[in-house]
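Before any comments, here is the structure.
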Amino acid sequence: MKLKDNKLLIMKNTEQRNSNSMHIDKMNALEIATCINNEDKLVPFAVEKALPMIAKTIDMVVDSFNRGGRLLFIGAGTSGRLGIIDATECPPTYGEPAEKVVGIIAGGKNAVFAAAENAEDLGKNGVKDVKNENISSKDTLIGISVAGDAMYVRDALLYAKSIGAHTIALTCNYDAKIAEVADIAIITDTGAEVITGSTRMKAGTAHKLVLNMITTGAMIMTGHVVENLMVNMRPTNIKLKERAARIINELTDIGIEKAREEVATGASIRNILKKYGK
């Protein structure tokens with residue numbers, strides 16, 4: 001907290017200085033790595049505190065999927081990129097079409113590879129971008145913003161809520177503006193970063209963990225997993241074809257060579273399992 005013009009300013013947790021890394025510029029390589037590692041160990045505990053809200057979010061996403069809706073992520077900078085990563089990984093892992101889980105980033109596709117820092121301040125663009133994705137009342141929109149005040153994300157959430165979509169705020173600060181407008185707020189308070197304000201570190205790690213839980217949980221609950229096996233996976237390369245054969249053999253016990261022969265036909269894992277009564 002700082003005093004300015006006789007007013008007390010409360011600084012975001014993610015913008016404060018970390019006392020454990022004050023002299024990191026004087027450390028050697030091992031000391032730097034150790035310092036970062038020690039801070040990273042705190043991340044799972046921050047995520048653990050948010051588990052009830054994460055579970056509610058999974059239920060919301062499942063509701064959207066069951067009604068023919070979709071899951072959309074929206075964010076700026078690292079937050080937007082994390083959403084895109086998670087969305088991009090769902091089709092090959094769970095066999096869903098790319099439009100089922102969608103990632104939106106402030107500044108458009110170019111911002112995935114090059115910083116567009118001012119884009120997070122343009123709230124009207126957030127609304128425009130979710131409209132361009134034809135968001136509907138069946139959908140769930142997860143707005144990701146570490147500080148929680150990105151107008152691009154906030155205004156997108158407000159619009160989504162106004163049309164009846166499920167809305168979730170994912171942030172690291174309890175006073176986040178996006179938390180005030182969403183149906184559910186997932187808050188992972190990871191505290192000050194090793195490098196002040198570098199929220200691609202602990203904050204980004206926490207949010208990747210949360211996104212993993214949400215998409216994985218929703219896919220499990222909508223039938224994409226048998227036991228702990230990804231039975232809707234797309235076997236599109238040598239590694240994945242071998243994995244598909246192991247999955248089929250695990251669930252049918254037809255033998256790994258026979259399973260490989262079945263995969264080589266190009267049939268889906270699901271259809272092969274049906275062939276053997278599974």
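Chain identifiers are assigned as A, B, and so on, following the order in which chains appear in the structure tokens; residues are numbered from 1 within each chain, and ligands are numbered from 1 in order of appearance.
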
Report task. Assign secondary structure with DSSP using the backbone only, and return the residues of stretch 145-244 of chain A in strand (DSSP E) as a list in words. Result ->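 Taking stretch 145-244 of chain A and keeping strand (DSSP E) only, one gets His166, Thr167, Ile168, Ala169, Leu170, Thr171, Ile184, Ala185, Ile186, Ile187, Val225, Val226, Leu229 and Met230 of chain A.
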
Quick one: residues within 7 Å of A:Lys202, only C-alpha atoms counted, chain neighbours fewer than 4 positions away excluded, as a compact mmCIF listing (two decimals) with C-alpha atoms, in the first residue's frame?
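Full text of part-v4.txt as output:
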```txt
# COMPACT_ATOMS: atom_id res chain seq x y z
CA ASP A 40 6.22 -22.19 -7.57
CA VAL A 43 0.84 -22.40 -6.55
CA THR A 190 -0.61 -16.65 -5.76
CA GLU A 193 5.82 -12.75 -8.29
CA ALA A 206 -2.06 -21.40 -11.46
```

Listing only residues of stretch 45-154 of chain A within 7 Å of stretch 159-177 of chain A, what is the closest atom pair and its distance in Å (to one decimal) for each, using only C-alpha atoms, sorted by chain and residue number ascending, as a tab-separated table?
```
residue	atom	partner	partner_atom	distance
A:Met60	CA	A:His166	CA	6.8
A:Val127	CA	A:Tyr159	CA	6.3
A:Ser136	CA	A:Ala165	CA	6.2
A:Ser137	CA	A:Ala165	CA	4.1
A:Lys138	CA	A:Ala165	CA	5.9
A:Asp139	CA	A:Ala165	CA	5.3
A:Thr140	CA	A:His166	CA	4.5
A:Leu141	CA	A:Thr167	CA	5.0
A:Ile142	CA	A:Ile168	CA	4.6
A:Gly143	CA	A:Ala169	CA	5.0
A:Ile144	CA	A:Leu170	CA	4.8
A:Ser145	CA	A:Thr171	CA	5.2
A:Val146	CA	A:Thr171	CA	4.5
A:Ala147	CA	A:Asn173	CA	6.0
A:Gly148	CA	A:Ala176	CA	4.2
A:Asp149	CA	A:Lys177	CA	5.1
```

Prev. selection, N, CA and C atoms, output as a tab-separated table (two decimals), in the first residue's frame:
```tsv
chain	number	residue	atom	x	y	z
A	60	MET	N	-21.10	-26.09	-14.72
A	60	MET	CA	-21.67	-25.13	-15.68
A	60	MET	C	-21.29	-25.49	-17.11
A	127	VAL	N	-16.50	-7.28	-26.47
A	127	VAL	CA	-17.88	-7.55	-26.85
A	127	VAL	C	-17.95	-7.97	-28.32
A	136	SER	N	-23.93	-17.62	-27.42
A	136	SER	CA	-25.36	-17.72	-27.17
A	136	SER	C	-25.63	-18.05	-25.70
A	137	SER	N	-26.89	-18.11	-25.35
A	137	SER	CA	-27.28	-18.40	-23.97
A	137	SER	C	-26.93	-19.82	-23.56
A	138	LYS	N	-26.62	-20.68	-24.52
A	138	LYS	CA	-26.24	-22.06	-24.20
A	138	LYS	C	-24.78	-22.17	-23.77
A	139	ASP	N	-24.00	-21.15	-24.04
A	139	ASP	CA	-22.55	-21.22	-23.88
A	139	ASP	C	-22.08	-20.84	-22.48
A	140	THR	N	-20.83	-21.20	-22.19
A	140	THR	CA	-20.13	-20.75	-20.99
A	140	THR	C	-18.92	-19.93	-21.43
A	141	LEU	N	-18.78	-18.73	-20.88
A	141	LEU	CA	-17.64	-17.87	-21.17
A	141	LEU	C	-16.79	-17.73	-19.92
A	142	ILE	N	-15.51	-18.10	-20.03
A	142	ILE	CA	-14.57	-17.92	-18.93
A	142	ILE	C	-13.64	-16.77	-19.27
A	143	GLY	N	-13.72	-15.71	-18.49
A	143	GLY	CA	-12.85	-14.55	-18.68
A	143	GLY	C	-11.63	-14.69	-17.80
A	144	ILE	N	-10.45	-14.60	-18.41
A	144	ILE	CA	-9.19	-14.80	-17.69
A	144	ILE	C	-8.44	-13.48	-17.62
A	145	SER	N	-8.15	-13.03	-16.41
A	145	SER	CA	-7.39	-11.79	-16.21
A	145	SER	C	-6.72	-11.86	-14.85
A	146	VAL	N	-5.41	-11.90	-14.83
A	146	VAL	CA	-4.68	-12.06	-13.56
A	146	VAL	C	-5.01	-10.92	-12.60
A	147	ALA	N	-4.80	-9.70	-13.04
A	147	ALA	CA	-5.13	-8.55	-12.20
A	147	ALA	C	-6.63	-8.44	-12.01
A	148	GLY	N	-7.38	-8.81	-13.05
A	148	GLY	CA	-8.83	-8.85	-12.95
A	148	GLY	C	-9.54	-7.60	-13.41
A	149	ASP	N	-8.82	-6.65	-13.96
A	149	ASP	CA	-9.42	-5.38	-14.34
A	149	ASP	C	-9.40	-5.11	-15.84
```

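Separating atom CA of A:Lys241 from atom CA of A:Lys274 is a distance of 18.0 Å.
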
Requested in this report: Can you pull out every residue within 8 Å of A:Thr222, counting only C-alpha atoms, but drop anything in the same chain fewer than 4 positions away, and send it as a list in words?
Outcome: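 Residues meeting the cut-off are Val62, Phe65, Asn66 and Ala218 of chain A.
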
Could those residues be written to a file, using all heavy atoms, as a short mmCIF file (atom, residue, chain, number, x, y, z; two decimals), in the first residue's frame?
```
data_model
loop_
_atom_site.label_atom_id
_atom_site.label_comp_id
_atom_site.auth_asym_id
_atom_site.auth_seq_id
_atom_site.Cartn_x
_atom_site.Cartn_y
_atom_site.Cartn_z
N VAL A 62 -20.46 -28.46 -18.23
CA VAL A 62 -21.20 -29.68 -18.56
C VAL A 62 -22.63 -29.34 -18.97
O VAL A 62 -23.17 -29.88 -19.94
CB VAL A 62 -21.19 -30.68 -17.39
CG1 VAL A 62 -22.16 -31.83 -17.63
CG2 VAL A 62 -19.78 -31.21 -17.17
N PHE A 65 -22.52 -28.02 -22.48
CA PHE A 65 -22.30 -29.10 -23.44
C PHE A 65 -23.57 -29.93 -23.63
O PHE A 65 -23.93 -30.29 -24.76
CB PHE A 65 -21.15 -30.00 -22.99
CG PHE A 65 -19.78 -29.39 -23.15
CD1 PHE A 65 -18.67 -30.02 -22.61
CD2 PHE A 65 -19.59 -28.20 -23.83
CE1 PHE A 65 -17.40 -29.49 -22.76
CE2 PHE A 65 -18.32 -27.65 -23.99
CZ PHE A 65 -17.22 -28.30 -23.44
N ASN A 66 -24.25 -30.24 -22.53
CA ASN A 66 -25.45 -31.07 -22.61
C ASN A 66 -26.59 -30.36 -23.35
O ASN A 66 -27.49 -31.02 -23.88
CB ASN A 66 -25.91 -31.47 -21.22
CG ASN A 66 -25.01 -32.52 -20.59
OD1 ASN A 66 -24.28 -33.22 -21.28
ND2 ASN A 66 -25.06 -32.65 -19.27
N ALA A 218 -14.93 -31.49 -17.43
CA ALA A 218 -16.12 -31.44 -18.28
C ALA A 218 -16.12 -32.56 -19.30
O ALA A 218 -17.17 -33.16 -19.59
CB ALA A 218 -16.20 -30.09 -18.99
#
```

Report task. Record the distance separating atom CA of A:Val231 and atom CA of A:Leu251, expressed in Å with one decimal. Result ->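 Answer for the atom CA of A:Val231 to atom CA of A:Leu251 separation: 9.8 Å.
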
Which residues are near A:Ile74? Cut-off 10 Å, only C-alpha atoms, ignore same chain within fewer than 3 positions. Put them as a PDB file with N, CA, C and O atoms, in the first residue's frame.
```
ATOM      1  N   SER A  79      -2.875 -14.463 -20.404  1.00  0.00           N
ATOM      2  CA  SER A  79      -4.189 -15.041 -20.078  1.00  0.00           C
ATOM      3  C   SER A  79      -4.897 -15.535 -21.331  1.00  0.00           C
ATOM      4  O   SER A  79      -5.478 -16.625 -21.350  1.00  0.00           O
ATOM      5  N   GLY A  80      -4.869 -14.733 -22.382  1.00  0.00           N
ATOM      6  CA  GLY A  80      -5.492 -15.143 -23.638  1.00  0.00           C
ATOM      7  C   GLY A  80      -4.794 -16.333 -24.252  1.00  0.00           C
ATOM      8  O   GLY A  80      -5.446 -17.243 -24.785  1.00  0.00           O
ATOM      9  N   ARG A  81      -3.466 -16.338 -24.177  1.00  0.00           N
ATOM     10  CA  ARG A  81      -2.701 -17.450 -24.761  1.00  0.00           C
ATOM     11  C   ARG A  81      -2.986 -18.755 -24.033  1.00  0.00           C
ATOM     12  O   ARG A  81      -3.066 -19.820 -24.649  1.00  0.00           O
ATOM     13  N   LEU A  82      -3.131 -18.697 -22.711  1.00  0.00           N
ATOM     14  CA  LEU A  82      -3.441 -19.907 -21.946  1.00  0.00           C
ATOM     15  C   LEU A  82      -4.788 -20.491 -22.366  1.00  0.00           C
ATOM     16  O   LEU A  82      -4.939 -21.707 -22.490  1.00  0.00           O
ATOM     17  N   GLY A  83      -5.770 -19.626 -22.585  1.00  0.00           N
ATOM     18  CA  GLY A  83      -7.072 -20.099 -23.044  1.00  0.00           C
ATOM     19  C   GLY A  83      -6.988 -20.750 -24.409  1.00  0.00           C
ATOM     20  O   GLY A  83      -7.614 -21.784 -24.663  1.00  0.00           O
ATOM     21  N   ILE A  84      -6.207 -20.150 -25.290  1.00  0.00           N
ATOM     22  CA  ILE A  84      -6.035 -20.705 -26.632  1.00  0.00           C
ATOM     23  C   ILE A  84      -5.333 -22.059 -26.574  1.00  0.00           C
ATOM     24  O   ILE A  84      -5.715 -22.999 -27.279  1.00  0.00           O
ATOM     25  N   VAL A 102     -13.369 -22.835 -27.530  1.00  0.00           N
ATOM     26  CA  VAL A 102     -12.811 -21.747 -28.331  1.00  0.00           C
ATOM     27  C   VAL A 102     -11.995 -20.803 -27.449  1.00  0.00           C
ATOM     28  O   VAL A 102     -12.414 -20.456 -26.344  1.00  0.00           O
ATOM     29  N   GLY A 103     -10.842 -20.399 -27.941  1.00  0.00           N
ATOM     30  CA  GLY A 103     -10.020 -19.407 -27.249  1.00  0.00           C
ATOM     31  C   GLY A 103     -10.018 -18.097 -27.998  1.00  0.00           C
ATOM     32  O   GLY A 103      -9.834 -18.062 -29.221  1.00  0.00           O
ATOM     33  N   ILE A 104     -10.236 -16.995 -27.275  1.00  0.00           N
ATOM     34  CA  ILE A 104     -10.266 -15.657 -27.869  1.00  0.00           C
ATOM     35  C   ILE A 104      -9.222 -14.800 -27.151  1.00  0.00           C
ATOM     36  O   ILE A 104      -9.164 -14.790 -25.919  1.00  0.00           O
ATOM     37  N   ILE A 105      -8.417 -14.075 -27.919  1.00  0.00           N
ATOM     38  CA  ILE A 105      -7.375 -13.239 -27.325  1.00  0.00           C
ATOM     39  C   ILE A 105      -7.497 -11.799 -27.810  1.00  0.00           C
ATOM     40  O   ILE A 105      -7.788 -11.558 -28.993  1.00  0.00           O
ATOM     41  N   ALA A 106      -7.298 -10.859 -26.909  1.00  0.00           N
ATOM     42  CA  ALA A 106      -7.321  -9.440 -27.259  1.00  0.00           C
ATOM     43  C   ALA A 106      -6.231  -9.150 -28.286  1.00  0.00           C
ATOM     44  O   ALA A 106      -5.084  -9.531 -28.097  1.00  0.00           O
ATOM     45  N   GLY A 126     -13.806  -6.583 -26.764  1.00  0.00           N
ATOM     46  CA  GLY A 126     -14.170  -7.843 -26.122  1.00  0.00           C
ATOM     47  C   GLY A 126     -15.584  -8.247 -26.484  1.00  0.00           C
ATOM     48  O   GLY A 126     -15.854  -9.419 -26.792  1.00  0.00           O
ATOM     49  N   ASP A 129     -15.645  -9.324 -30.147  1.00  0.00           N
ATOM     50  CA  ASP A 129     -15.022 -10.619 -30.408  1.00  0.00           C
ATOM     51  C   ASP A 129     -15.904 -11.794 -29.980  1.00  0.00           C
ATOM     52  O   ASP A 129     -15.939 -12.830 -30.662  1.00  0.00           O
ATOM     53  N   VAL A 130     -16.622 -11.655 -28.854  1.00  0.00           N
ATOM     54  CA  VAL A 130     -17.521 -12.756 -28.476  1.00  0.00           C
ATOM     55  C   VAL A 130     -18.744 -12.804 -29.386  1.00  0.00           C
ATOM     56  O   VAL A 130     -19.268 -13.883 -29.681  1.00  0.00           O
ATOM     57  N   LEU A 141     -18.784 -18.726 -20.880  1.00  0.00           N
ATOM     58  CA  LEU A 141     -17.637 -17.874 -21.173  1.00  0.00           C
ATOM     59  C   LEU A 141     -16.791 -17.729 -19.920  1.00  0.00           C
ATOM     60  O   LEU A 141     -17.275 -17.303 -18.869  1.00  0.00           O
ATOM     61  N   ILE A 142     -15.507 -18.100 -20.032  1.00  0.00           N
ATOM     62  CA  ILE A 142     -14.567 -17.925 -18.931  1.00  0.00           C
ATOM     63  C   ILE A 142     -13.637 -16.772 -19.273  1.00  0.00           C
ATOM     64  O   ILE A 142     -12.870 -16.840 -20.240  1.00  0.00           O
ATOM     65  N   GLY A 143     -13.720 -15.713 -18.494  1.00  0.00           N
ATOM     66  CA  GLY A 143     -12.851 -14.554 -18.680  1.00  0.00           C
ATOM     67  C   GLY A 143     -11.625 -14.686 -17.797  1.00  0.00           C
ATOM     68  O   GLY A 143     -11.741 -14.867 -16.584  1.00  0.00           O
ATOM     69  N   ILE A 144     -10.448 -14.603 -18.412  1.00  0.00           N
ATOM     70  CA  ILE A 144      -9.189 -14.801 -17.692  1.00  0.00           C
ATOM     71  C   ILE A 144      -8.436 -13.481 -17.623  1.00  0.00           C
ATOM     72  O   ILE A 144      -8.132 -12.877 -18.654  1.00  0.00           O
ATOM     73  N   SER A 145      -8.151 -13.029 -16.406  1.00  0.00           N
ATOM     74  CA  SER A 145      -7.385 -11.791 -16.211  1.00  0.00           C
ATOM     75  C   SER A 145      -6.725 -11.859 -14.848  1.00  0.00           C
ATOM     76  O   SER A 145      -7.413 -11.885 -13.822  1.00  0.00           O
ATOM     77  N   TYR A 152     -11.364  -5.397 -21.633  1.00  0.00           N
ATOM     78  CA  TYR A 152     -11.648  -6.311 -22.745  1.00  0.00           C
ATOM     79  C   TYR A 152     -12.378  -7.549 -22.231  1.00  0.00           C
ATOM     80  O   TYR A 152     -13.364  -7.997 -22.822  1.00  0.00           O
ATOM     81  N   VAL A 153     -11.917  -8.079 -21.120  1.00  0.00           N
ATOM     82  CA  VAL A 153     -12.517  -9.282 -20.532  1.00  0.00           C
ATOM     83  C   VAL A 153     -13.806  -8.930 -19.799  1.00  0.00           C
ATOM     84  O   VAL A 153     -14.823  -9.614 -19.937  1.00  0.00           O
ATOM     85  N   ARG A 154     -13.759  -7.855 -19.026  1.00  0.00           N
ATOM     86  CA  ARG A 154     -14.933  -7.471 -18.225  1.00  0.00           C
ATOM     87  C   ARG A 154     -16.157  -7.214 -19.103  1.00  0.00           C
ATOM     88  O   ARG A 154     -17.246  -7.715 -18.840  1.00  0.00           O
ATOM     89  N   ALA A 156     -16.739  -8.221 -22.139  1.00  0.00           N
ATOM     90  CA  ALA A 156     -17.171  -9.456 -22.788  1.00  0.00           C
ATOM     91  C   ALA A 156     -18.031 -10.287 -21.841  1.00  0.00           C
ATOM     92  O   ALA A 156     -19.063 -10.844 -22.242  1.00  0.00           O
ATOM     93  N   LEU A 157     -17.622 -10.364 -20.574  1.00  0.00           N
ATOM     94  CA  LEU A 157     -18.403 -11.099 -19.578  1.00  0.00           C
ATOM     95  C   LEU A 157     -19.769 -10.456 -19.363  1.00  0.00           C
ATOM     96  O   LEU A 157     -20.789 -11.149 -19.254  1.00  0.00           O
ATOM     97  N   ALA A 169     -15.257 -15.779 -13.954  1.00  0.00           N
ATOM     98  CA  ALA A 169     -14.065 -14.933 -13.891  1.00  0.00           C
ATOM     99  C   ALA A 169     -12.930 -15.742 -13.280  1.00  0.00           C
ATOM    100  O   ALA A 169     -13.090 -16.321 -12.206  1.00  0.00           O
TER     101      ALA A 169
END
```

Requested in this report: Write out as a ChimeraX atom specification which residues come within 12 Å of A:Met201 when counting only C-alpha atoms, dropping same-chain ones fewer than 3 positions away.
Outcome: /A:14,36-37,39-43,78-79,146,190-198,204-208

**Report entry** helix (DSSP H, G or I) residues, from DSSP on the backbone, in stretch 4-154 of chain A, as an MDAnalysis selection string
**Finding:** chainID A and resid 13:15 19:21 24:26 29:40 43:49 51:66 77:94 98:100 110:113 117:121 123:132 151:154

I want to know what sits within 8 Å of A:Ala259, based on only C-alpha atoms, with residues of the same chain fewer than 6 positions away left out; could you give that as a compact mmCIF listing (two decimals) with all heavy atoms, in the first residue's frame?
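Okay, this is what ended up in selection_4.txt:
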```txt
# COMPACT_ATOMS: atom_id res chain seq x y z
N ALA A 245 -3.85 -48.17 -29.59
CA ALA A 245 -3.78 -49.64 -29.52
C ALA A 245 -3.73 -50.11 -28.07
O ALA A 245 -4.39 -51.10 -27.70
CB ALA A 245 -2.56 -50.13 -30.29
N ARG A 246 -2.96 -49.41 -27.24
CA ARG A 246 -2.89 -49.79 -25.82
C ARG A 246 -4.24 -49.60 -25.14
O ARG A 246 -4.65 -50.43 -24.31
CB ARG A 246 -1.81 -48.97 -25.11
CG ARG A 246 -0.39 -49.30 -25.54
CD ARG A 246 0.63 -48.78 -24.53
NE ARG A 246 0.50 -47.35 -24.30
CZ ARG A 246 1.13 -46.40 -25.00
NH1 ARG A 246 1.93 -46.75 -26.01
NH2 ARG A 246 0.98 -45.13 -24.72
N ILE A 248 -7.23 -49.76 -26.53
CA ILE A 248 -8.12 -50.82 -27.01
C ILE A 248 -7.79 -52.14 -26.33
O ILE A 248 -8.69 -52.88 -25.89
CB ILE A 248 -8.03 -50.94 -28.54
CG1 ILE A 248 -8.63 -49.68 -29.19
CG2 ILE A 248 -8.74 -52.19 -29.04
CD1 ILE A 248 -8.23 -49.47 -30.63
N ASN A 249 -6.51 -52.44 -26.24
CA ASN A 249 -6.11 -53.69 -25.59
C ASN A 249 -6.47 -53.69 -24.11
O ASN A 249 -6.91 -54.71 -23.57
CB ASN A 249 -4.61 -53.91 -25.77
CG ASN A 249 -4.16 -55.26 -25.24
OD1 ASN A 249 -4.80 -56.27 -25.51
ND2 ASN A 249 -3.07 -55.28 -24.49
```

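The interatomic distance for the pair atom CA of A:Arg70 and atom CA of A:Lys128 works out to 17.7 Å.
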
Report task. Identify, on the basis of only C-alpha atoms, every residue whose closest approach to A:Asn271 does not exceed 12 Å; exclude the query and any residue fewer than 6 positions from it along the same chain; express the result as a list in words. Result ->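 The residues that qualify are Val231, Asn232, Ile248, Glu262, Val263, Thr265, Gly277 and Lys278 of chain A.
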
Output of the above residues as a PDB file, in the first residue's frame, restricted to N, CA, C and O atoms:
```
ATOM      1  N   VAL A 231     -10.920 -42.280 -24.710  1.00  0.00           N
ATOM      2  CA  VAL A 231     -11.444 -43.163 -25.754  1.00  0.00           C
ATOM      3  C   VAL A 231     -11.938 -42.411 -26.993  1.00  0.00           C
ATOM      4  O   VAL A 231     -12.314 -43.048 -27.984  1.00  0.00           O
ATOM      5  N   ASN A 232     -11.975 -41.098 -26.952  1.00  0.00           N
ATOM      6  CA  ASN A 232     -12.347 -40.321 -28.141  1.00  0.00           C
ATOM      7  C   ASN A 232     -11.137 -39.652 -28.778  1.00  0.00           C
ATOM      8  O   ASN A 232     -11.276 -38.811 -29.664  1.00  0.00           O
ATOM      9  N   ILE A 248      -7.233 -49.756 -26.531  1.00  0.00           N
ATOM     10  CA  ILE A 248      -8.125 -50.819 -27.006  1.00  0.00           C
ATOM     11  C   ILE A 248      -7.793 -52.139 -26.333  1.00  0.00           C
ATOM     12  O   ILE A 248      -8.686 -52.884 -25.890  1.00  0.00           O
ATOM     13  N   GLU A 262      -6.366 -53.181 -35.752  1.00  0.00           N
ATOM     14  CA  GLU A 262      -7.646 -52.463 -35.753  1.00  0.00           C
ATOM     15  C   GLU A 262      -7.426 -50.957 -35.928  1.00  0.00           C
ATOM     16  O   GLU A 262      -8.140 -50.296 -36.687  1.00  0.00           O
ATOM     17  N   VAL A 263      -6.454 -50.422 -35.230  1.00  0.00           N
ATOM     18  CA  VAL A 263      -6.154 -48.992 -35.352  1.00  0.00           C
ATOM     19  C   VAL A 263      -5.726 -48.655 -36.774  1.00  0.00           C
ATOM     20  O   VAL A 263      -6.091 -47.613 -37.336  1.00  0.00           O
ATOM     21  N   THR A 265      -6.787 -49.734 -39.455  1.00  0.00           N
ATOM     22  CA  THR A 265      -7.921 -49.636 -40.387  1.00  0.00           C
ATOM     23  C   THR A 265      -8.465 -48.214 -40.481  1.00  0.00           C
ATOM     24  O   THR A 265      -9.236 -47.902 -41.393  1.00  0.00           O
ATOM     25  N   GLY A 277     -17.734 -55.367 -28.206  1.00  0.00           N
ATOM     26  CA  GLY A 277     -18.726 -55.366 -27.145  1.00  0.00           C
ATOM     27  C   GLY A 277     -18.432 -54.490 -25.977  1.00  0.00           C
ATOM     28  O   GLY A 277     -18.931 -54.732 -24.855  1.00  0.00           O
ATOM     29  N   LYS A 278     -17.612 -53.456 -26.168  1.00  0.00           N
ATOM     30  CA  LYS A 278     -17.269 -52.553 -25.073  1.00  0.00           C
ATOM     31  C   LYS A 278     -17.831 -51.145 -25.316  1.00  0.00           C
ATOM     32  O   LYS A 278     -18.067 -50.747 -26.436  1.00  0.00           O
TER      33      LYS A 278
END
```

**Report entry** Residue with smallest distance to A:Leu229 - pool A:Arg200, A:Lys49, A:Arg270, A:Lys109, counting only C-alpha atoms
**Finding:** A:Arg270
